[in-house]
Amino acid sequence: MALIVAKFGGTSVASPERIQNVAKRLIAMKNEGNDVVAVVSAMGKTTDELVGLANALNEHPSPREMDMLLSTGEQVSMSLLAMAINARGYRAASFTGWQAGIVTDSTFSSAKIQEVTAERIKAKLADGAIVVVAGFQGLTEDGEITTLGRGGSDTTAVALAWGIDADVCEIYSDVDGVYTADPRVVPRARKLDVISYDDMLELSSAGSGVLQSRAVELARKFGVVIHSRSAFSDAPGTLVKEIDMFMEQAVVTGVAHDTSEIKFTIRDADDVPGVAAQVFSALASGSVNVDMIIQNVGENSHTDISFTCPKGSKEEAEAIVKRIMPRIGGRDYVIDENIAKVSLVGTGMKSSPGIAAKAFSVLAENKVNILMISTSPIRLSIVVEGSQCQVAARCLHEAFGLDSESVFEETALSPEEIAAKMQKGR
Ligand code: ADP
Ligand code: ASP
Ligand code: MG
C-alpha cells in the first residue's frame, strides 16, 4: 500500500469522458489498496479562456482580481471529478487549494508556496475517501486567493507530495514522459527513462512545457521523485530524481525551444559607462524579466543593445524603453516578436569542450541564422527567427545523437501551432 499523489493536467480532464477516465484510474489505484490524492488542472483551455474574458473587459486587470478569476477553473474540474468518483460508488472529497492548506506569499499570479498544512486531506484519507485538490492555487496569510504561475498545478502536486509525505508523485499529461525534445516539434525525440533534477530544471527553464520549472525546483529541494507519465496509457514514464554523479551521462540530455519571448533592440545608444545600467535597472524596477542581452561593439561612440523578455511584458518594456531613450541617446528601437530560443541542455556539457562550435557549425549547415547566443556551463541557448525554430531544434537534436526511430512524425506541429502552444505558460 502506498500514498499516491496523482496530478492530471488540462488535457486529461478536458471533457466529461476524460474526467470519467481519470475517475476510473483513481479508483483502480484505490482498489489496489493505496491512499490517493488527485490534483487537477482546469479543464482543457479554460485558463486561457478566462484570461481572454478578463482582457475583453479590462486591458490591465488587477492581479488580485485575475487570481480570483483564474482560480475558479480548477474548482470546476475538482468538483466534477469528485462527482464522477461518487457516481461510481466511491467516496471522494474535493478541496480548494486553501482548504487543502496551501499557504503562499502574496505575489499574485506567481505566488510561492510557503507552507502546506494538509490536515483536512489527511483526515479524509483516514476516512477512506479519494481526495481531489484544485491545483494552481493557494491562500495568503491575509486570506487572499493566489495562483502559482501558469502550469502551476505541477507545483501543487509536488508540494502536496512533500506535505503529506507521499510515496509517489505522478504527473499525468498527454505525453508519456519527458522526451529529449518536445515530440511535437522534434518527431524523432526519444523518451527518457530517468532524468536528473538538474537537467530537468534546465530543460523546463529553457521552455520545455512538460513540467513547470518551479515544480522541479521544489522537487529537487525536498527530494520528491516525480513520475511524469501519460493519462491515456499505463506505460511507465520518466522518473525525475537525483542521479548518482558517477553514473555515465550523455553530454547533451535534450533540446528545448521557447517561442514565448520577444526581442528589443535599442539602436545607437551612447557608448559610455552607465547606459546598460540605466536600461536594465529601469526594466528591473518595472518587473520586466529580461532573459538574454547583447551589446554590440561600439562605433562612432554609439552602440546597439538588444534584450529579450516575455511577450506578456511587451507593453511594460516598451513604455520603459521609450521613457529612457532621451537619457541614453538612443536613435530608435525595434521590437522583434517573431523569435524562438532553442537550447541544448546537459549537465554533461560542463566537462565537454567544443559543444558550441559543433552546434554553430550544424546550424550554419542548415542555414539557420543566429540572432543571439547565451551560454552557461550546462546550457547553450540561441535565438533564431521564429520560422527557423523547428529546423534548429531538429538539426541540433540529430547532431548530438539524440534522434531515434519515431512514431511522432504525423503529430508534428506547424510553427504557428507551436507558437500558439507556447503562448500558454508565459
Ligand atoms: P498538462 O496540461 O497536462 O500540464 P502540458 O501541456 O503542460 O500538459 O505538458 C505536456 C506537453 O509538453 C506535451 O504535449 C508536449 O508537447 C510538451 N513538451 C515540451 N517539451 C517536452 C519534452 N521534452 N518532453 C515531453 N513533452 C514535452
Ligand atoms: N490551469 C493553469 C494553467 O493553465 C494551471 C495548470 O494547468 O497547471 O496554467
Ligand atoms: Mg503542464
# chains A, B, ... in the order shown; residues from 1 in each chain; ligands from 1
>>> residues_around(residues="Ala356 in chain A", least_positions_apart="6", cutoff="12 Å", atoms="only C-alpha atoms", output="mmCIF file with N, CA, C and O atoms, in the first residue's frame")
data_model
loop_
_atom_site.group_PDB
_atom_site.id
_atom_site.type_symbol
_atom_site.label_atom_id
_atom_site.label_comp_id
_atom_site.auth_asym_id
_atom_site.auth_seq_id
_atom_site.Cartn_x
_atom_site.Cartn_y
_atom_site.Cartn_z
ATOM 1 N N VAL A 252 24.786 15.750 -23.929
ATOM 2 C CA VAL A 252 23.591 16.581 -24.100
ATOM 3 C C VAL A 252 22.374 15.725 -23.761
ATOM 4 O O VAL A 252 22.205 14.631 -24.306
ATOM 5 N N SER A 343 17.498 25.700 -27.087
ATOM 6 C CA SER A 343 18.588 25.449 -26.129
ATOM 7 C C SER A 343 19.009 23.989 -26.135
ATOM 8 O O SER A 343 18.171 23.088 -26.209
ATOM 9 N N LEU A 344 20.313 23.796 -26.015
ATOM 10 C CA LEU A 344 20.876 22.457 -25.784
ATOM 11 C C LEU A 344 21.148 22.375 -24.288
ATOM 12 O O LEU A 344 21.741 23.302 -23.731
ATOM 13 N N VAL A 345 20.724 21.296 -23.667
ATOM 14 C CA VAL A 345 20.854 21.184 -22.213
ATOM 15 C C VAL A 345 21.538 19.877 -21.826
ATOM 16 O O VAL A 345 21.251 18.837 -22.403
ATOM 17 N N MET A 349 27.589 18.671 -20.284
ATOM 18 C CA MET A 349 28.267 19.660 -21.129
ATOM 19 C C MET A 349 29.404 20.354 -20.397
ATOM 20 O O MET A 349 30.346 20.850 -21.007
ATOM 21 N N LYS A 350 29.277 20.385 -19.066
ATOM 22 C CA LYS A 350 30.273 21.049 -18.218
ATOM 23 C C LYS A 350 31.690 20.624 -18.561
ATOM 24 O O LYS A 350 32.593 21.420 -18.607
ATOM 25 N N VAL A 362 26.593 23.110 -37.184
ATOM 26 C CA VAL A 362 25.395 22.399 -37.640
ATOM 27 C C VAL A 362 24.309 23.398 -38.060
ATOM 28 O O VAL A 362 23.638 23.228 -39.081
ATOM 29 N N LEU A 363 24.162 24.443 -37.282
ATOM 30 C CA LEU A 363 23.145 25.455 -37.620
ATOM 31 C C LEU A 363 23.509 26.126 -38.946
ATOM 32 O O LEU A 363 22.642 26.365 -39.794
ATOM 33 N N ILE A 373 23.126 34.692 -28.681
ATOM 34 C CA ILE A 373 23.676 33.468 -28.066
ATOM 35 C C ILE A 373 23.830 33.714 -26.570
ATOM 36 O O ILE A 373 24.217 34.810 -26.165
ATOM 37 N N SER A 374 23.514 32.714 -25.755
ATOM 38 C CA SER A 374 23.953 32.805 -24.355
ATOM 39 C C SER A 374 24.332 31.410 -23.890
ATOM 40 O O SER A 374 23.794 30.411 -24.373
ATOM 41 N N THR A 375 25.278 31.360 -22.977
ATOM 42 C CA THR A 375 25.741 30.040 -22.521
ATOM 43 C C THR A 375 25.823 29.999 -21.000
ATOM 44 O O THR A 375 25.934 31.027 -20.343
ATOM 45 N N SER A 376 25.710 28.797 -20.482
ATOM 46 C CA SER A 376 26.030 28.546 -19.078
ATOM 47 C C SER A 376 26.799 27.230 -19.113
ATOM 48 O O SER A 376 26.865 26.592 -20.165
ATOM 49 N N PRO A 377 27.347 26.799 -17.993
ATOM 50 C CA PRO A 377 28.112 25.540 -18.050
ATOM 51 C C PRO A 377 27.273 24.355 -18.519
ATOM 52 O O PRO A 377 27.807 23.394 -19.061
ATOM 53 N N ILE A 378 25.951 24.416 -18.334
ATOM 54 C CA ILE A 378 25.138 23.249 -18.712
ATOM 55 C C ILE A 378 24.048 23.590 -19.733
ATOM 56 O O ILE A 378 23.108 22.834 -19.917
ATOM 57 N N ARG A 379 24.183 24.749 -20.393
ATOM 58 C CA ARG A 379 23.177 25.110 -21.400
ATOM 59 C C ARG A 379 23.779 26.010 -22.456
ATOM 60 O O ARG A 379 24.600 26.855 -22.163
ATOM 61 N N LEU A 380 23.343 25.788 -23.693
ATOM 62 C CA LEU A 380 23.699 26.699 -24.773
ATOM 63 C C LEU A 380 22.385 27.127 -25.411
ATOM 64 O O LEU A 380 21.622 26.283 -25.884
ATOM 65 N N SER A 381 22.099 28.429 -25.378
ATOM 66 C CA SER A 381 20.839 28.900 -25.975
ATOM 67 C C SER A 381 21.133 29.820 -27.137
ATOM 68 O O SER A 381 22.024 30.666 -27.058
ATOM 69 N N ILE A 382 20.363 29.638 -28.203
ATOM 70 C CA ILE A 382 20.493 30.560 -29.333
ATOM 71 C C ILE A 382 19.112 31.085 -29.675
ATOM 72 O O ILE A 382 18.112 30.380 -29.535
ATOM 73 N N LEU A 396 19.899 20.231 -34.314
ATOM 74 C CA LEU A 396 20.737 20.092 -33.111
ATOM 75 C C LEU A 396 20.471 18.740 -32.456
ATOM 76 O O LEU A 396 21.382 18.053 -32.001
ATOM 77 N N ALA A 399 22.279 16.177 -34.486
ATOM 78 C CA ALA A 399 23.744 16.298 -34.427
ATOM 79 C C ALA A 399 24.311 15.799 -33.103
ATOM 80 O O ALA A 399 25.432 15.297 -33.054
ATOM 81 N N PHE A 400 23.549 15.936 -32.032
ATOM 82 C CA PHE A 400 24.073 15.499 -30.733
ATOM 83 C C PHE A 400 23.591 14.099 -30.351
ATOM 84 O O PHE A 400 23.567 13.722 -29.180
#
>>> residues_around(residues="Glu365 in chain A", least_positions_apart="3", cutoff="12 Å", atoms="only C-alpha atoms", output="ChimeraX atom specification")
/A:358-362,368-369,391-392,395-396,399
>>> residues_around(residues="range 230-238 of chain A", least_positions_apart="3", cutoff="10 Å", atoms="only C-alpha atoms", output="PDB file with N, CA, C and O atoms, in the first residue's frame")
ATOM      1  N   LYS A   7      -1.320  13.910 -10.342  1.00  0.00           N
ATOM      2  CA  LYS A   7      -1.791  15.179 -10.911  1.00  0.00           C
ATOM      3  C   LYS A   7      -2.215  14.983 -12.371  1.00  0.00           C
ATOM      4  O   LYS A   7      -1.491  14.355 -13.153  1.00  0.00           O
ATOM      5  N   PHE A   8      -3.382  15.501 -12.706  1.00  0.00           N
ATOM      6  CA  PHE A   8      -3.884  15.407 -14.082  1.00  0.00           C
ATOM      7  C   PHE A   8      -4.007  16.801 -14.674  1.00  0.00           C
ATOM      8  O   PHE A   8      -4.690  17.665 -14.111  1.00  0.00           O
ATOM      9  N   GLY A   9      -3.357  17.022 -15.819  1.00  0.00           N
ATOM     10  CA  GLY A   9      -3.341  18.341 -16.458  1.00  0.00           C
ATOM     11  C   GLY A   9      -4.625  18.611 -17.238  1.00  0.00           C
ATOM     12  O   GLY A   9      -5.522  17.760 -17.324  1.00  0.00           O
ATOM     13  N   THR A  11      -5.486  18.791 -20.401  1.00  0.00           N
ATOM     14  CA  THR A  11      -5.909  17.902 -21.485  1.00  0.00           C
ATOM     15  C   THR A  11      -6.545  16.637 -20.919  1.00  0.00           C
ATOM     16  O   THR A  11      -7.489  16.090 -21.502  1.00  0.00           O
ATOM     17  N   SER A  12      -6.034  16.199 -19.782  1.00  0.00           N
ATOM     18  CA  SER A  12      -6.516  14.935 -19.201  1.00  0.00           C
ATOM     19  C   SER A  12      -7.906  15.056 -18.584  1.00  0.00           C
ATOM     20  O   SER A  12      -8.554  14.052 -18.319  1.00  0.00           O
ATOM     21  N   VAL A  13      -8.356  16.307 -18.323  1.00  0.00           N
ATOM     22  CA  VAL A  13      -9.698  16.481 -17.747  1.00  0.00           C
ATOM     23  C   VAL A  13     -10.544  17.396 -18.649  1.00  0.00           C
ATOM     24  O   VAL A  13     -11.449  18.083 -18.187  1.00  0.00           O
ATOM     25  N   ARG A  18     -13.193  12.347 -20.417  1.00  0.00           N
ATOM     26  CA  ARG A  18     -11.826  12.268 -19.873  1.00  0.00           C
ATOM     27  C   ARG A  18     -11.829  12.313 -18.351  1.00  0.00           C
ATOM     28  O   ARG A  18     -10.987  11.690 -17.699  1.00  0.00           O
ATOM     29  N   ASN A  21     -12.439   8.937 -17.272  1.00  0.00           N
ATOM     30  CA  ASN A  21     -11.225   8.150 -17.415  1.00  0.00           C
ATOM     31  C   ASN A  21     -10.312   8.355 -16.197  1.00  0.00           C
ATOM     32  O   ASN A  21      -9.760   7.387 -15.636  1.00  0.00           O
ATOM     33  N   VAL A  22     -10.204   9.614 -15.753  1.00  0.00           N
ATOM     34  CA  VAL A  22      -9.374   9.905 -14.581  1.00  0.00           C
ATOM     35  C   VAL A  22      -9.995   9.246 -13.340  1.00  0.00           C
ATOM     36  O   VAL A  22      -9.298   8.620 -12.529  1.00  0.00           O
ATOM     37  N   ARG A  25      -9.143   5.656 -13.250  1.00  0.00           N
ATOM     38  CA  ARG A  25      -7.746   5.409 -12.871  1.00  0.00           C
ATOM     39  C   ARG A  25      -7.554   5.551 -11.368  1.00  0.00           C
ATOM     40  O   ARG A  25      -6.861   4.757 -10.728  1.00  0.00           O
ATOM     41  N   GLU A 170       2.946  11.399  -9.077  1.00  0.00           N
ATOM     42  CA  GLU A 170       2.780  11.091 -10.500  1.00  0.00           C
ATOM     43  C   GLU A 170       2.170  12.293 -11.202  1.00  0.00           C
ATOM     44  O   GLU A 170       1.159  12.842 -10.752  1.00  0.00           O
ATOM     45  N   ILE A 171       2.780  12.713 -12.295  1.00  0.00           N
ATOM     46  CA  ILE A 171       2.242  13.842 -13.051  1.00  0.00           C
ATOM     47  C   ILE A 171       1.824  13.324 -14.424  1.00  0.00           C
ATOM     48  O   ILE A 171       2.663  12.936 -15.247  1.00  0.00           O
ATOM     49  N   TYR A 172       0.492  13.249 -14.593  1.00  0.00           N
ATOM     50  CA  TYR A 172      -0.061  12.683 -15.827  1.00  0.00           C
ATOM     51  C   TYR A 172      -0.336  13.799 -16.831  1.00  0.00           C
ATOM     52  O   TYR A 172      -0.904  14.835 -16.474  1.00  0.00           O
ATOM     53  N   SER A 173       0.045  13.573 -18.099  1.00  0.00           N
ATOM     54  CA  SER A 173      -0.285  14.572 -19.133  1.00  0.00           C
ATOM     55  C   SER A 173      -0.532  13.855 -20.450  1.00  0.00           C
ATOM     56  O   SER A 173      -0.724  12.636 -20.462  1.00  0.00           O
ATOM     57  N   ASP A 174      -0.510  14.618 -21.547  1.00  0.00           N
ATOM     58  CA  ASP A 174      -0.803  13.985 -22.836  1.00  0.00           C
ATOM     59  C   ASP A 174       0.436  13.405 -23.507  1.00  0.00           C
ATOM     60  O   ASP A 174       0.376  12.971 -24.650  1.00  0.00           O
ATOM     61  N   VAL A 175       1.576  13.428 -22.841  1.00  0.00           N
ATOM     62  CA  VAL A 175       2.759  12.694 -23.341  1.00  0.00           C
ATOM     63  C   VAL A 175       3.141  11.657 -22.289  1.00  0.00           C
ATOM     64  O   VAL A 175       2.870  11.863 -21.104  1.00  0.00           O
ATOM     65  N   ASP A 176       3.825  10.606 -22.741  1.00  0.00           N
ATOM     66  CA  ASP A 176       4.085   9.548 -21.759  1.00  0.00           C
ATOM     67  C   ASP A 176       5.436   9.690 -21.070  1.00  0.00           C
ATOM     68  O   ASP A 176       6.056   8.703 -20.694  1.00  0.00           O
ATOM     69  N   GLY A 177       5.880  10.927 -20.898  1.00  0.00           N
ATOM     70  CA  GLY A 177       7.100  11.138 -20.146  1.00  0.00           C
ATOM     71  C   GLY A 177       7.876  12.328 -20.675  1.00  0.00           C
ATOM     72  O   GLY A 177       7.360  13.104 -21.481  1.00  0.00           O
ATOM     73  N   VAL A 178       9.094  12.447 -20.198  1.00  0.00           N
ATOM     74  CA  VAL A 178       9.961  13.537 -20.652  1.00  0.00           C
ATOM     75  C   VAL A 178      10.782  13.006 -21.825  1.00  0.00           C
ATOM     76  O   VAL A 178      11.416  11.958 -21.720  1.00  0.00           O
ATOM     77  N   TYR A 179      10.750  13.731 -22.922  1.00  0.00           N
ATOM     78  CA  TYR A 179      11.486  13.339 -24.126  1.00  0.00           C
ATOM     79  C   TYR A 179      12.733  14.205 -24.282  1.00  0.00           C
ATOM     80  O   TYR A 179      12.873  15.243 -23.640  1.00  0.00           O
ATOM     81  N   LYS A 191      11.973   9.042 -25.596  1.00  0.00           N
ATOM     82  CA  LYS A 191      11.545   9.140 -24.195  1.00  0.00           C
ATOM     83  C   LYS A 191      12.702   8.749 -23.274  1.00  0.00           C
ATOM     84  O   LYS A 191      13.398   7.774 -23.541  1.00  0.00           O
ATOM     85  N   LEU A 192      12.874   9.518 -22.200  1.00  0.00           N
ATOM     86  CA  LEU A 192      13.930   9.199 -21.236  1.00  0.00           C
ATOM     87  C   LEU A 192      13.320   8.380 -20.103  1.00  0.00           C
ATOM     88  O   LEU A 192      12.212   8.690 -19.651  1.00  0.00           O
ATOM     89  N   ASP A 193      14.022   7.358 -19.637  1.00  0.00           N
ATOM     90  CA  ASP A 193      13.504   6.576 -18.503  1.00  0.00           C
ATOM     91  C   ASP A 193      13.697   7.354 -17.213  1.00  0.00           C
ATOM     92  O   ASP A 193      12.885   7.300 -16.304  1.00  0.00           O
ATOM     93  N   VAL A 194      14.804   8.087 -17.184  1.00  0.00           N
ATOM     94  CA  VAL A 194      15.119   8.835 -15.970  1.00  0.00           C
ATOM     95  C   VAL A 194      15.873  10.097 -16.365  1.00  0.00           C
ATOM     96  O   VAL A 194      16.580  10.134 -17.362  1.00  0.00           O
ATOM     97  N   ILE A 195      15.663  11.161 -15.589  1.00  0.00           N
ATOM     98  CA  ILE A 195      16.403  12.405 -15.836  1.00  0.00           C
ATOM     99  C   ILE A 195      16.709  13.039 -14.481  1.00  0.00           C
ATOM    100  O   ILE A 195      15.895  12.929 -13.544  1.00  0.00           O
ATOM    101  N   ILE A 226       9.565  12.655  -9.049  1.00  0.00           N
ATOM    102  CA  ILE A 226       8.389  12.855  -9.916  1.00  0.00           C
ATOM    103  C   ILE A 226       8.351  11.742 -10.958  1.00  0.00           C
ATOM    104  O   ILE A 226       9.381  11.405 -11.545  1.00  0.00           O
ATOM    105  N   HIS A 227       7.168  11.193 -11.162  1.00  0.00           N
ATOM    106  CA  HIS A 227       6.990  10.245 -12.264  1.00  0.00           C
ATOM    107  C   HIS A 227       6.103  10.933 -13.298  1.00  0.00           C
ATOM    108  O   HIS A 227       4.905  11.103 -13.086  1.00  0.00           O
ATOM    109  N   LYS A 241      14.664  12.588 -10.785  1.00  0.00           N
ATOM    110  CA  LYS A 241      15.223  12.343  -9.449  1.00  0.00           C
ATOM    111  C   LYS A 241      16.712  12.678  -9.400  1.00  0.00           C
ATOM    112  O   LYS A 241      17.300  13.028 -10.425  1.00  0.00           O
TER     113      LYS A 241
END
>>> residues_near_ligand(ligand="ligand 2", cutoff="6 Å", atoms="only C-alpha atoms and all ligand atoms", output="compact mmCIF listing (two decimals) with N, CA, C and O atoms, in the first residue's frame")
# COMPACT_ATOMS: atom_id res chain seq x y z
N GLY A 9 -3.36 17.02 -15.82
CA GLY A 9 -3.34 18.34 -16.46
C GLY A 9 -4.62 18.61 -17.24
O GLY A 9 -5.52 17.76 -17.32
N GLY A 10 -4.68 19.81 -17.81
CA GLY A 10 -5.88 20.28 -18.50
C GLY A 10 -6.39 19.33 -19.59
O GLY A 10 -7.59 19.07 -19.69
N SER A 41 -5.92 20.18 -12.89
CA SER A 41 -5.86 21.49 -13.55
C SER A 41 -7.26 21.83 -14.03
O SER A 41 -8.16 21.00 -14.00
N ALA A 42 -7.39 23.06 -14.55
CA ALA A 42 -8.66 23.46 -15.16
C ALA A 42 -8.88 22.68 -16.46
O ALA A 42 -7.92 22.25 -17.10
N THR A 47 -8.27 28.06 -18.61
CA THR A 47 -7.49 29.19 -18.07
C THR A 47 -7.27 30.25 -19.15
O THR A 47 -7.43 31.44 -18.90
N PHE A 136 -2.82 24.71 -8.67
CA PHE A 136 -2.53 26.07 -9.17
C PHE A 136 -2.93 27.19 -8.22
O PHE A 136 -2.78 28.34 -8.56
N ARG A 150 1.49 30.00 -14.51
CA ARG A 150 0.92 29.06 -15.46
C ARG A 150 1.63 27.71 -15.37
O ARG A 150 2.84 27.63 -15.18
N GLY A 151 0.84 26.66 -15.47
CA GLY A 151 1.38 25.32 -15.31
C GLY A 151 1.57 24.95 -13.84
O GLY A 151 2.16 23.91 -13.50
N GLY A 152 1.03 25.80 -12.93
CA GLY A 152 1.32 25.67 -11.51
C GLY A 152 0.72 24.48 -10.79
O GLY A 152 1.08 24.21 -9.64
N SER A 153 -0.18 23.75 -11.45
CA SER A 153 -0.72 22.55 -10.77
C SER A 153 0.38 21.52 -10.53
O SER A 153 0.29 20.73 -9.58
N ASP A 154 1.40 21.54 -11.38
CA ASP A 154 2.54 20.63 -11.14
C ASP A 154 3.16 20.94 -9.78
O ASP A 154 3.53 20.04 -9.02
N GLY A 425 1.38 29.51 -20.70
CA GLY A 425 2.51 29.18 -19.83
C GLY A 425 3.39 30.35 -19.52
O GLY A 425 4.06 30.35 -18.53
>>> closest_residue(among="A:Asp244, A:Asp48, A:Asp142, A:Glu385", to="ligand 1", atoms="only C-alpha atoms and all ligand atoms")
A:Asp48
>>> select_by_dssp(residues="range 127-220 of chain A", states="helix (DSSP H, G or I)", output="PyMOL selection string")
chain A and resi 153-163+197-205+213-220
>>> residues_around(residues="Leu160 in chain A", least_positions_apart="4", cutoff="9 Å", atoms="only C-alpha atoms", output="PyMOL selection string")
chain A and resi 5+37+39+100+102+116+118+155-156+164-166+169
>>> write_last_selection(atoms="all heavy atoms", output="compact mmCIF listing (two decimals), in the first residue's frame")
# COMPACT_ATOMS: atom_id res chain seq x y z
N VAL A 5 0.22 10.73 -4.84
CA VAL A 5 -0.31 12.00 -5.34
C VAL A 5 -0.29 11.88 -6.86
O VAL A 5 0.75 11.55 -7.45
CB VAL A 5 0.54 13.21 -4.89
CG1 VAL A 5 0.12 14.47 -5.64
CG2 VAL A 5 0.38 13.42 -3.39
N VAL A 37 -4.47 10.87 -3.52
CA VAL A 37 -4.78 12.31 -3.58
C VAL A 37 -4.58 12.75 -5.03
O VAL A 37 -3.48 12.65 -5.57
CB VAL A 37 -3.84 13.13 -2.68
CG1 VAL A 37 -4.15 14.63 -2.80
CG2 VAL A 37 -3.95 12.68 -1.23
N VAL A 39 -4.62 15.75 -7.93
CA VAL A 39 -4.53 17.21 -8.12
C VAL A 39 -4.97 17.46 -9.55
O VAL A 39 -4.50 16.78 -10.47
CB VAL A 39 -3.08 17.71 -7.91
CG1 VAL A 39 -2.97 19.19 -8.24
CG2 VAL A 39 -2.61 17.44 -6.48
N ALA A 100 -7.07 22.83 1.29
CA ALA A 100 -6.04 21.79 1.40
C ALA A 100 -4.85 22.27 2.22
O ALA A 100 -3.92 21.51 2.47
CB ALA A 100 -5.58 21.39 0.01
N ILE A 102 -2.77 25.03 1.51
CA ILE A 102 -1.62 25.55 0.76
C ILE A 102 -1.50 27.06 1.01
O ILE A 102 -2.32 27.84 0.55
CB ILE A 102 -1.76 25.22 -0.73
CG1 ILE A 102 -1.69 23.70 -0.84
CG2 ILE A 102 -0.67 25.91 -1.55
CD1 ILE A 102 -1.72 23.15 -2.20
N VAL A 116 2.55 23.92 3.78
CA VAL A 116 1.44 23.03 3.42
C VAL A 116 0.96 22.38 4.72
O VAL A 116 1.69 21.61 5.34
CB VAL A 116 1.89 21.92 2.43
CG1 VAL A 116 0.74 21.02 2.06
CG2 VAL A 116 2.50 22.53 1.18
N ALA A 118 -1.70 20.02 5.57
CA ALA A 118 -2.69 19.20 4.86
C ALA A 118 -3.60 18.42 5.81
O ALA A 118 -4.00 17.29 5.52
CB ALA A 118 -1.96 18.25 3.92
N THR A 155 3.26 22.24 -9.48
CA THR A 155 3.85 22.65 -8.20
C THR A 155 2.97 22.24 -7.04
O THR A 155 3.46 21.79 -6.00
CB THR A 155 4.09 24.18 -8.21
OG1 THR A 155 4.95 24.47 -9.30
CG2 THR A 155 4.74 24.65 -6.93
N THR A 156 1.65 22.38 -7.22
CA THR A 156 0.73 21.93 -6.16
C THR A 156 0.99 20.45 -5.86
O THR A 156 1.06 20.05 -4.70
CB THR A 156 -0.74 22.09 -6.61
OG1 THR A 156 -0.95 23.43 -7.02
CG2 THR A 156 -1.70 21.71 -5.50
N ILE A 164 2.42 15.72 2.57
CA ILE A 164 1.78 14.55 3.20
C ILE A 164 2.72 13.34 3.18
O ILE A 164 2.32 12.22 3.46
CB ILE A 164 0.43 14.19 2.52
CG1 ILE A 164 0.62 13.85 1.04
CG2 ILE A 164 -0.59 15.30 2.68
CD1 ILE A 164 -0.64 13.35 0.36
N ASP A 165 3.97 13.61 2.76
CA ASP A 165 4.98 12.56 2.73
C ASP A 165 4.53 11.37 1.87
O ASP A 165 4.56 10.21 2.29
CB ASP A 165 5.27 12.10 4.17
CG ASP A 165 6.63 11.44 4.27
OD1 ASP A 165 7.42 11.60 3.32
OD2 ASP A 165 6.89 10.75 5.27
N ALA A 166 4.11 11.69 0.64
CA ALA A 166 3.61 10.65 -0.26
C ALA A 166 4.76 9.75 -0.74
O ALA A 166 5.92 10.16 -0.74
CB ALA A 166 2.94 11.30 -1.47
N CYS A 169 4.86 10.78 -6.54
CA CYS A 169 4.22 11.97 -7.10
C CYS A 169 4.13 11.76 -8.61
O CYS A 169 5.13 11.86 -9.32
CB CYS A 169 5.04 13.21 -6.78
SG CYS A 169 4.33 14.71 -7.48
>>> residues_around(residues="Lys311 in chain A", least_positions_apart="5", cutoff="7 Å", atoms="only C-alpha atoms", output="list in words")
Ser260, Glu261 and Ile262 of chain A
>>> write_last_selection(atoms="C-alpha atoms", output="CSV table (one decimal), in the first residue's frame")
chain,number,residue,atom,x,y,z
A,260,SER,CA,7.3,33.0,-25.6
A,261,GLU,CA,9.8,35.8,-25.8
A,262,ILE,CA,10.3,39.0,-27.9
>>> closest_residue(among="A:Leu53, A:Gly89, A:Thr140, A:Gln212", to="ligand 3", atoms="only C-alpha atoms and all ligand atoms")
A:Gln212
>>> residues_around(residues="Val384 in chain A", least_positions_apart="5", cutoff="6 Å", atoms="only C-alpha atoms", output="PyMOL selection string")
chain A and resi 339-340+370-371
>>> write_last_selection(atoms="N, CA, C and O atoms", output="compact mmCIF listing (two decimals), in the first residue's frame")
# COMPACT_ATOMS: atom_id res chain seq x y z
N ILE A 339 10.48 35.53 -32.73
CA ILE A 339 11.76 34.86 -32.47
C ILE A 339 11.51 33.56 -31.70
O ILE A 339 10.44 33.36 -31.13
N ALA A 340 12.52 32.71 -31.70
CA ALA A 340 12.44 31.48 -30.89
C ALA A 340 13.80 31.28 -30.24
O ALA A 340 14.84 31.60 -30.84
N ILE A 370 21.79 32.82 -36.66
CA ILE A 370 21.76 33.01 -35.20
C ILE A 370 21.64 34.50 -34.87
O ILE A 370 22.43 35.31 -35.35
N LEU A 371 20.62 34.84 -34.08
CA LEU A 371 20.42 36.25 -33.72
C LEU A 371 21.07 36.60 -32.39
O LEU A 371 21.53 37.72 -32.19
>>> closest_residue(among="A:Ala284, A:Val158, A:Val334, A:Ala256", to="ligand 1", atoms="only C-alpha atoms and all ligand atoms")
A:Ala256
>>> closest_residue(among="A:Arg190, A:Arg267, A:Arg323, A:Lys221", to="ligand 1", atoms="only C-alpha atoms and all ligand atoms")
A:Arg190
